[in-house]
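Below is one structure, written out as structure tokens; the observations come after it.
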There are 2 protein chains.
Amino acid sequence: MSQLSSQSIGIFDSGIGGLTVAHAVTKLLPNENIIYFGDLAHLPYGDKSTAAIQAYTIKICDILLQQHCKLILIACHSASSAAYDLVKEYVASKAQVINVIDPAVNHIREHFTKKRIGLIGTRQTVNSNIYKKKIDDLQLEIELRSLATPLLVPMIEEGFADNNILTQTLSNYLSHSELDNIDALLLGCTHYPIIKQQIMDFYEKKITLIDSADISALAVKGLLEHHHILNMQTNTPQHKFYVSDYTEAFLASAKWFFPDVIHFEHYPLWE
Amino acid sequence: MSQLSSQSIGIFDSGIGGLTVAHAVTKLLPNENIIYFGDLAHLPYGDKSTAAIQAYTIKICDILLQQHCKLILIACHSASSAAYDLVKEYVASKAQVINVIDPAVNHIREHFTKKRIGLIGTRQTVNSNIYKKKIDDLQLEIELRSLATPLLVPMIEEGFADNNILTQTLSNYLSHSELDNIDALLLGCTHYPIIKQQIMDFYEKKITLIDSADISALAVKGLLEHHHILNMQTNTPQHKFYVSDYTEAFLASAKWFFPDVIHFEHYPLWE
């Protein structure tokens, strides 16, 4: 086991969505230390341009590399779509890099040959066509049907998860003809696992939900194992949270996922 | 008429909301040149902390002062609430400063003594209690009832203005007991004039809508007249648009309000 094993896993997103991925990682890998960066100053990324997301992402990777992270997990589909290739080049050999899109595509390759998959996500993710390109490249006769569902993030961020407006909005989106007769639905945004139950309720268990948070956590484990840098120490891990803006809403969500977290460091991306 | 008269009016907001105010200003004052700054990199302000909004606002005011604006109009309730006092101090004698809250309070003072007014706005605006404090200070037995309606901005930004989800969401918000038996509804967010018709439809003309975009435009006119710096030149005005991030959604909205605009300058707040 190399010295690198005890270094942290860096995870970032614009807001609370990435917390679903961070939570999945800590459940699967309870020995690992997490450094989470929430770019709340630029939340939500789904609305921003590709160039802007790339600039924010590089700033955040600088911070995670200063903290000697052994692996950087881009826990946001918009950033994975806009900036993964850039981050891979930029980080180079300094850390492993993983996004939330490729693990989902690998999962689909293994389980959904000749099936019809629905994708819901932000405009940025859906319009990038990144899933379609990657799935078409598999040449496994998998048909991808995509629908941008931009109101789900604000509804989740506002804590409308139990509201009948959410139910109506979900019903409106999921009844769209683009998503007719799908075998599985891919949750193409890291916020969506928070409303997984409501989505399951709509489909009455007739289709499979593909949750990229759990799948990405498995991919992180596989990559750490492959490079022999899993943390085998059984000390209680020390998680750190950085935010580029400090809001009560985020703090409440973070404490919901990580009840023991007591400190958030304010770290503006630009001074 | 001083040389200052021909200088521009600077107007800013995080997104498209301020365009309703800019549009009202150009309708009322067709000779004036406008410089509009849309801080799309930090959109929406309603989610951000007070300190963050203050920092962005100062950066934007620096840009507007470099352009020799004679007046700065803070066309956003969240920024008016979080940063108006700071901007007044910061800009000092270099330009006139006006926000979108005080003109609405003055309008209420003149027309709504002993009435019950409903206020809808972002969490930032409603939680700041700024309207309540100012209206209570009038001592005119005006009762203010406030409700945060945070989903309206994303719905408007996403162009859901004609969608039945918007109608249902509006109905859900406006039926809230906090807004029972009001005589007038104050649109406490510069996005809301875009869905004025749908709000009118809900109330079936039984109450008065207070639109701070139109009221702020009147206040701008009054302040320019008071200081003898109205632009009397009848040349076609030259409007300029700066954005801190460049997105198709904003461009489409800006062209809807200002069909002749052909150029947007990308001006990141931090380099």
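Convention: chains lettered A, B, ... in structure tokens order; per-chain residue numbering from 1; ligands numbered from 1 as shown.
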Practice item. For chain B, work out the contacting residues on chain A at 9 Å, counting only C-alpha atoms, and write them as a list in words. Key: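 That gives Leu40, Ala41, His42, Leu43, Pro44, Asp47, Lys48, Ser49, Ala51, Ala52, Pro150, Leu151, Pro154, Met155, Glu158, Ile165, Gln168, Thr169, Asn172, Asp245, Tyr246, Thr247, Glu248, Ala249, Trp270 and Glu271 of chain A for chain A.
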Extract, using only C-alpha atoms, all DNA, RNA and protein residues at most 7 Å from stretch 216-222 of chain A, discarding same-chain residues fewer than 4 positions from it, and format them as a CSV table (one decimal) with C-alpha atoms, in the first residue's frame.
```csv
chain,number,residue,atom,x,y,z
A,21,VAL,CA,-22.3,11.1,-5.0
A,24,ALA,CA,-22.6,7.0,-2.0
A,25,VAL,CA,-18.8,7.0,-2.0
A,28,LEU,CA,-19.2,2.1,-0.2
A,100,VAL,CA,-20.2,10.6,-13.5
A,103,PRO,CA,-19.5,4.8,-15.3
A,212,SER,CA,-25.3,7.4,-11.5
A,226,HIS,CA,-6.7,-0.9,-9.8
```
**Study point:** Which residue of B:Gln66, B:Gln124, B:Gln238, B:Gln233 approaches B:Ser5 most closely, using only C-alpha atoms
**Key:**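 Checking each of B:Gln66, B:Gln124, B:Gln238, B:Gln233 against B:Ser5, counting only C-alpha atoms, the winner is B:Gln233.
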Check your understanding: Got a sec: who's within 8 Å of B:Leu186, counting only C-alpha atoms, leaving out chain neighbours fewer than 5 positions off, as a count of residues only?
Key -> 8
**Study point:** strand (DSSP E or B) call set, DSSP backbone run, stretch 27-265 of chain B, as a PyMOL selection string
**Key:** chain B and resi 34-38+71-74+96-99+116-121+143-148+184-187+208-211+240-243+264-265
Would you save the residues from that selection as a short mmCIF file (atom, residue, chain, number, x, y, z; two decimals), in the first residue's frame, using N, CA, C and O atoms?
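result-v1.cif, written as the output of this step:
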```
data_model
loop_
_atom_site.label_atom_id
_atom_site.label_comp_id
_atom_site.auth_asym_id
_atom_site.auth_seq_id
_atom_site.Cartn_x
_atom_site.Cartn_y
_atom_site.Cartn_z
N ILE B 34 -28.59 53.27 -22.51
CA ILE B 34 -28.55 52.30 -21.41
C ILE B 34 -27.27 51.46 -21.51
O ILE B 34 -26.91 51.02 -22.61
N ILE B 35 -26.63 51.24 -20.38
CA ILE B 35 -25.60 50.19 -20.30
C ILE B 35 -26.12 49.14 -19.34
O ILE B 35 -26.39 49.44 -18.17
N TYR B 36 -26.34 47.93 -19.85
CA TYR B 36 -26.91 46.87 -19.04
C TYR B 36 -25.83 45.86 -18.71
O TYR B 36 -25.11 45.38 -19.59
N PHE B 37 -25.73 45.50 -17.42
CA PHE B 37 -24.81 44.42 -17.03
C PHE B 37 -25.61 43.25 -16.48
O PHE B 37 -26.31 43.39 -15.48
N GLY B 38 -25.51 42.09 -17.11
CA GLY B 38 -26.17 40.87 -16.65
C GLY B 38 -25.13 39.94 -16.04
O GLY B 38 -24.26 39.44 -16.76
N LEU B 71 -26.21 57.58 -13.73
CA LEU B 71 -27.12 56.99 -12.75
C LEU B 71 -26.96 55.47 -12.79
O LEU B 71 -26.83 54.89 -13.87
N ILE B 72 -26.96 54.84 -11.62
CA ILE B 72 -26.91 53.38 -11.55
C ILE B 72 -28.22 52.89 -10.94
O ILE B 72 -28.61 53.34 -9.86
N LEU B 73 -28.90 52.03 -11.68
CA LEU B 73 -30.17 51.47 -11.23
C LEU B 73 -29.95 49.99 -10.90
O LEU B 73 -29.58 49.20 -11.78
N ILE B 74 -30.13 49.65 -9.63
CA ILE B 74 -30.00 48.25 -9.20
C ILE B 74 -31.31 47.56 -9.52
O ILE B 74 -32.29 47.68 -8.79
N GLN B 96 -25.70 59.08 -9.53
CA GLN B 96 -26.92 58.86 -8.76
C GLN B 96 -27.13 57.34 -8.63
O GLN B 96 -26.74 56.59 -9.53
N VAL B 97 -27.74 56.93 -7.53
CA VAL B 97 -28.01 55.50 -7.36
C VAL B 97 -29.49 55.34 -7.00
O VAL B 97 -30.03 56.11 -6.20
N ILE B 98 -30.11 54.35 -7.60
CA ILE B 98 -31.52 54.11 -7.33
C ILE B 98 -31.73 52.59 -7.26
O ILE B 98 -31.04 51.84 -7.94
N ASN B 99 -32.63 52.15 -6.41
CA ASN B 99 -32.92 50.72 -6.33
C ASN B 99 -34.36 50.48 -6.75
O ASN B 99 -35.07 51.43 -7.10
N ARG B 116 -54.13 46.24 2.93
CA ARG B 116 -53.32 45.03 3.13
C ARG B 116 -52.64 44.66 1.81
O ARG B 116 -53.31 44.42 0.80
N ILE B 117 -51.31 44.64 1.85
CA ILE B 117 -50.53 44.40 0.63
C ILE B 117 -49.84 43.03 0.73
O ILE B 117 -49.23 42.71 1.75
N GLY B 118 -49.94 42.25 -0.32
CA GLY B 118 -49.17 41.01 -0.40
C GLY B 118 -47.86 41.26 -1.13
O GLY B 118 -47.80 42.10 -2.03
N LEU B 119 -46.82 40.56 -0.71
CA LEU B 119 -45.52 40.68 -1.38
C LEU B 119 -45.07 39.28 -1.77
O LEU B 119 -45.06 38.37 -0.94
N ILE B 120 -44.70 39.09 -3.04
CA ILE B 120 -44.04 37.84 -3.44
C ILE B 120 -42.65 38.17 -3.93
O ILE B 120 -42.43 39.22 -4.54
N GLY B 121 -41.68 37.31 -3.62
CA GLY B 121 -40.29 37.56 -4.02
C GLY B 121 -39.43 36.33 -3.76
O GLY B 121 -39.94 35.27 -3.39
N GLU B 143 -50.71 46.89 6.17
CA GLU B 143 -50.29 45.55 6.61
C GLU B 143 -49.62 44.83 5.45
O GLU B 143 -50.21 44.68 4.37
N LEU B 144 -48.39 44.40 5.66
CA LEU B 144 -47.68 43.68 4.61
C LEU B 144 -47.64 42.19 4.91
O LEU B 144 -47.26 41.77 5.99
N ARG B 145 -48.08 41.38 3.95
CA ARG B 145 -48.04 39.92 4.07
C ARG B 145 -47.07 39.41 3.01
O ARG B 145 -47.25 39.71 1.83
N SER B 146 -46.05 38.63 3.42
CA SER B 146 -44.98 38.24 2.48
C SER B 146 -44.92 36.73 2.27
O SER B 146 -45.08 35.97 3.21
N LEU B 147 -44.64 36.34 1.05
CA LEU B 147 -44.47 34.92 0.75
C LEU B 147 -43.31 34.75 -0.24
O LEU B 147 -43.30 35.37 -1.30
N ALA B 148 -42.34 33.92 0.14
CA ALA B 148 -41.26 33.58 -0.79
C ALA B 148 -41.80 32.63 -1.85
O ALA B 148 -42.46 31.65 -1.52
N ALA B 184 -53.79 44.48 -2.72
CA ALA B 184 -52.85 44.65 -3.83
C ALA B 184 -51.72 43.64 -3.67
O ALA B 184 -51.45 43.19 -2.56
N LEU B 185 -51.08 43.28 -4.78
CA LEU B 185 -49.94 42.37 -4.73
C LEU B 185 -48.73 43.07 -5.32
O LEU B 185 -48.76 43.55 -6.46
N LEU B 186 -47.67 43.14 -4.51
CA LEU B 186 -46.42 43.77 -4.95
C LEU B 186 -45.53 42.70 -5.58
O LEU B 186 -45.22 41.68 -4.94
N LEU B 187 -45.13 42.91 -6.82
CA LEU B 187 -44.24 41.96 -7.51
C LEU B 187 -42.81 42.28 -7.07
O LEU B 187 -42.17 43.17 -7.62
N THR B 208 -55.13 44.92 -7.19
CA THR B 208 -54.20 45.73 -7.98
C THR B 208 -52.83 45.08 -7.96
O THR B 208 -52.38 44.62 -6.92
N LEU B 209 -52.16 45.03 -9.10
CA LEU B 209 -50.77 44.56 -9.13
C LEU B 209 -49.84 45.76 -9.08
O LEU B 209 -50.03 46.73 -9.82
N ILE B 210 -48.84 45.70 -8.21
CA ILE B 210 -47.85 46.78 -8.12
C ILE B 210 -46.58 46.28 -8.80
O ILE B 210 -45.92 45.36 -8.33
N ASP B 211 -46.29 46.88 -9.96
CA ASP B 211 -45.19 46.43 -10.81
C ASP B 211 -44.00 47.37 -10.60
O ASP B 211 -44.01 48.51 -11.08
N LYS B 240 -25.78 49.41 -24.61
CA LYS B 240 -24.69 48.42 -24.58
C LYS B 240 -25.05 47.33 -23.58
O LYS B 240 -25.60 47.62 -22.52
N PHE B 241 -24.74 46.10 -23.91
CA PHE B 241 -25.02 44.97 -23.03
C PHE B 241 -23.73 44.23 -22.70
O PHE B 241 -23.01 43.79 -23.59
N TYR B 242 -23.47 44.11 -21.40
CA TYR B 242 -22.33 43.32 -20.94
C TYR B 242 -22.86 42.12 -20.16
O TYR B 242 -23.84 42.25 -19.42
N VAL B 243 -22.21 40.98 -20.32
CA VAL B 243 -22.60 39.80 -19.54
C VAL B 243 -21.35 39.13 -18.98
O VAL B 243 -20.31 39.09 -19.63
N PHE B 264 -23.39 41.74 -27.65
CA PHE B 264 -23.21 41.56 -26.22
C PHE B 264 -21.73 41.40 -25.96
O PHE B 264 -21.07 40.59 -26.63
N GLU B 265 -21.21 42.14 -25.01
CA GLU B 265 -19.79 42.01 -24.69
C GLU B 265 -19.63 41.10 -23.49
O GLU B 265 -20.29 41.29 -22.47
#
```
Review point. Which residue, B:Ile108, B:Ala213, B:Cys61, B:Leu170, has the smallest gap to B:Cys189 when you use only C-alpha atoms?
Key: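 The shortest atom-to-atom distance to B:Cys189 comes from B:Ala213.
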Practice item. For atom CA of A:Ala82 and atom CA of B:Ser14, quote the distance in Å rounded to one decimal. Key: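 Interatomic distance, atom CA of A:Ala82 to atom CA of B:Ser14: 22.3 Å.
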Exercise for review: Identify, on the basis of only C-alpha atoms, every residue whose closest approach to A:Leu65 does not exceed 9 Å; exclude the query and any residue fewer than 3 positions from it along the same chain; express the result as a list of chain:residue names.
Suggested key: A:Gly10, A:Ile60, A:Cys61, A:Asp62, A:His68, A:Cys69, A:Lys70, A:Ile72, A:Val91, A:Lys94, A:Ala95
Please produce a file of those selected residues containing N, CA and C atoms, as a CSV table (one decimal), in the first residue's frame.
```csv
chain,number,residue,atom,x,y,z
A,10,GLY,N,-11.1,13.9,-3.8
A,10,GLY,CA,-11.7,15.2,-4.0
A,10,GLY,C,-13.0,15.1,-4.8
A,60,ILE,N,-11.2,24.9,-9.2
A,60,ILE,CA,-11.5,23.9,-8.1
A,60,ILE,C,-10.5,22.8,-8.1
A,61,CYS,N,-10.1,22.4,-9.3
A,61,CYS,CA,-9.1,21.3,-9.4
A,61,CYS,C,-7.7,21.8,-8.8
A,62,ASP,N,-7.4,23.0,-9.0
A,62,ASP,CA,-6.2,23.6,-8.4
A,62,ASP,C,-6.2,23.4,-6.8
A,68,HIS,N,-3.6,17.7,-2.2
A,68,HIS,CA,-3.0,16.3,-2.5
A,68,HIS,C,-4.0,15.2,-2.7
A,69,CYS,N,-5.2,15.6,-3.3
A,69,CYS,CA,-6.2,14.5,-3.5
A,69,CYS,C,-5.6,13.4,-4.4
A,70,LYS,N,-5.9,12.2,-4.1
A,70,LYS,CA,-5.4,11.1,-5.0
A,70,LYS,C,-6.3,10.8,-6.1
A,72,ILE,N,-9.8,12.8,-8.2
A,72,ILE,CA,-10.8,13.8,-8.3
A,72,ILE,C,-12.1,13.3,-9.0
A,91,VAL,N,-4.9,17.8,-15.0
A,91,VAL,CA,-4.4,17.1,-13.8
A,91,VAL,C,-3.3,16.1,-14.2
A,94,LYS,N,-1.0,13.9,-11.8
A,94,LYS,CA,-1.1,14.3,-10.4
A,94,LYS,C,-2.2,13.6,-9.6
A,95,ALA,N,-3.2,13.1,-10.3
A,95,ALA,CA,-4.3,12.5,-9.6
A,95,ALA,C,-5.1,11.7,-10.6
```
Check your understanding: How many Å separate atom CA of B:His107 from atom CA of B:His23?
Key ->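 Atom CA of B:His23 lies 19.6 Å from atom CA of B:His107.
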